[in-house]
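The structure appears below as structure tokens.
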Amino acid sequence: MPRIWRPLLVGAVIVLAVFLLAQAQVFEPSASTGGPATGGDFYAGQLVFERECAACHGLQGEGGSGPRLEGTGLGAEVVSSQIRQGSGVMPAGLVSGQDEADVVAYVVSIAGS
């Protein structure tokens with residue numbers, strides 16, 4: 001009978017460890033600050049924009065099936081928020097990270113703000 005306690009004890013320790021790891025959320029990604037992306041590169045943003053956005057917004061943001069961006073005076077916070085939230089047929093988070101920062105820099109420059 002003493003042999004049965006060892007596997008039960010090991011099993012209980014494993015269950016407890018898994019429970020504690022789940023509660024600690026060790027493997028959860030860190031939360032985004034939610035602020036606008038900064039430090040974008042205009043030229044890199046133009047390339048990402050042409051690849052991901054131009055089909056709807058036009059090559060220079062002149063509009064198409066998506067709204068016109070050129071000359072609208074949009075600021076970085078508005079552009080970043082729109083990218084993150086999406087709208088209409090534009091999915092939320094179409095670009096993220098450095099690509100987002102670069103696209104924001106490009107769109108703000110063509111928006112003329």
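Letters for chains follow the order of the structure tokens (A, B, ...), residue numbers begin at 1 for each chain, and ligand numbers begin at 1 in the order shown.
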
Residue set, chain A restricted to helix (DSSP H, G or I), as a PyMOL selection string: chain A and resi 2-24+42-52+54-57+76-85+97-111

Write to file, as a PDB file, in the first residue's frame, the residues of the selection just made, with C-alpha atoms.
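Wrote again-v3.pdb, looks like this:
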ATOM      1  CA  PRO A   2       2.830   2.556   0.558  1.00  0.00           C
ATOM      2  CA  ARG A   3       3.645   2.421  -3.174  1.00  0.00           C
ATOM      3  CA  ILE A   4       0.330   4.013  -4.178  1.00  0.00           C
ATOM      4  CA  TRP A   5       1.003   7.240  -2.250  1.00  0.00           C
ATOM      5  CA  ARG A   6       4.047   8.187  -4.253  1.00  0.00           C
ATOM      6  CA  PRO A   7       2.244   8.438  -7.670  1.00  0.00           C
ATOM      7  CA  LEU A   8      -0.701  10.194  -6.028  1.00  0.00           C
ATOM      8  CA  LEU A   9       1.612  12.710  -4.375  1.00  0.00           C
ATOM      9  CA  VAL A  10       3.470  13.361  -7.652  1.00  0.00           C
ATOM     10  CA  GLY A  11       0.143  13.777  -9.481  1.00  0.00           C
ATOM     11  CA  ALA A  12      -1.138  16.213  -6.848  1.00  0.00           C
ATOM     12  CA  VAL A  13       2.063  18.279  -7.084  1.00  0.00           C
ATOM     13  CA  ILE A  14       1.762  18.423 -10.888  1.00  0.00           C
ATOM     14  CA  VAL A  15      -1.882  19.479 -10.698  1.00  0.00           C
ATOM     15  CA  LEU A  16      -1.028  22.156  -8.144  1.00  0.00           C
ATOM     16  CA  ALA A  17       1.873  23.456 -10.249  1.00  0.00           C
ATOM     17  CA  VAL A  18      -0.300  23.677 -13.379  1.00  0.00           C
ATOM     18  CA  PHE A  19      -3.010  25.478 -11.415  1.00  0.00           C
ATOM     19  CA  LEU A  20      -0.536  28.003 -10.000  1.00  0.00           C
ATOM     20  CA  LEU A  21       0.991  28.657 -13.439  1.00  0.00           C
ATOM     21  CA  ALA A  22      -2.475  29.242 -14.887  1.00  0.00           C
ATOM     22  CA  GLN A  23      -3.322  31.680 -12.109  1.00  0.00           C
ATOM     23  CA  ALA A  24      -0.032  33.541 -12.495  1.00  0.00           C
ATOM     24  CA  PHE A  42       7.988  57.254 -43.692  1.00  0.00           C
ATOM     25  CA  TYR A  43       9.677  55.264 -46.476  1.00  0.00           C
ATOM     26  CA  ALA A  44       9.144  51.877 -44.865  1.00  0.00           C
ATOM     27  CA  GLY A  45       5.549  52.935 -44.150  1.00  0.00           C
ATOM     28  CA  GLN A  46       5.016  53.747 -47.814  1.00  0.00           C
ATOM     29  CA  LEU A  47       6.084  50.221 -48.766  1.00  0.00           C
ATOM     30  CA  VAL A  48       3.825  48.619 -46.151  1.00  0.00           C
ATOM     31  CA  PHE A  49       0.962  50.926 -47.177  1.00  0.00           C
ATOM     32  CA  GLU A  50       1.362  49.940 -50.831  1.00  0.00           C
ATOM     33  CA  ARG A  51       1.355  46.264 -49.882  1.00  0.00           C
ATOM     34  CA  GLU A  52      -1.445  46.244 -47.281  1.00  0.00           C
ATOM     35  CA  ALA A  54      -3.358  50.724 -51.296  1.00  0.00           C
ATOM     36  CA  ALA A  55      -5.833  48.234 -52.765  1.00  0.00           C
ATOM     37  CA  CYS A  56      -8.606  50.059 -50.902  1.00  0.00           C
ATOM     38  CA  HIS A  57      -7.162  53.521 -50.157  1.00  0.00           C
ATOM     39  CA  ALA A  76      -1.058  59.960 -35.533  1.00  0.00           C
ATOM     40  CA  GLU A  77      -3.446  59.030 -32.700  1.00  0.00           C
ATOM     41  CA  VAL A  78      -6.450  58.838 -35.013  1.00  0.00           C
ATOM     42  CA  VAL A  79      -4.595  56.810 -37.644  1.00  0.00           C
ATOM     43  CA  SER A  80      -3.154  54.414 -35.071  1.00  0.00           C
ATOM     44  CA  SER A  81      -6.544  53.962 -33.405  1.00  0.00           C
ATOM     45  CA  GLN A  82      -8.208  53.243 -36.757  1.00  0.00           C
ATOM     46  CA  ILE A  83      -5.561  50.661 -37.636  1.00  0.00           C
ATOM     47  CA  ARG A  84      -6.008  48.913 -34.296  1.00  0.00           C
ATOM     48  CA  GLN A  85      -9.814  48.985 -34.267  1.00  0.00           C
ATOM     49  CA  GLY A  97       4.351  46.679 -34.305  1.00  0.00           C
ATOM     50  CA  GLN A  98       6.936  48.511 -36.379  1.00  0.00           C
ATOM     51  CA  ASP A  99       4.820  48.131 -39.536  1.00  0.00           C
ATOM     52  CA  GLU A 100       2.024  50.005 -37.768  1.00  0.00           C
ATOM     53  CA  ALA A 101       4.379  52.781 -36.674  1.00  0.00           C
ATOM     54  CA  ASP A 102       5.729  53.078 -40.215  1.00  0.00           C
ATOM     55  CA  VAL A 103       2.255  53.190 -41.805  1.00  0.00           C
ATOM     56  CA  VAL A 104       1.148  55.806 -39.275  1.00  0.00           C
ATOM     57  CA  ALA A 105       4.145  57.973 -40.207  1.00  0.00           C
ATOM     58  CA  TYR A 106       3.336  57.611 -43.895  1.00  0.00           C
ATOM     59  CA  VAL A 107      -0.401  58.273 -43.562  1.00  0.00           C
ATOM     60  CA  VAL A 108       0.144  61.308 -41.341  1.00  0.00           C
ATOM     61  CA  SER A 109       2.553  62.695 -43.942  1.00  0.00           C
ATOM     62  CA  ILE A 110       0.100  62.249 -46.847  1.00  0.00           C
ATOM     63  CA  ALA A 111      -2.789  63.482 -44.698  1.00  0.00           C
TER      64      ALA A 111
END

Shortest interatomic distance to Met90 (chain A) - which of A:Cys53, A:Leu59, A:Gly75, A:Glu70, counting only C-alpha atoms: A:Cys53
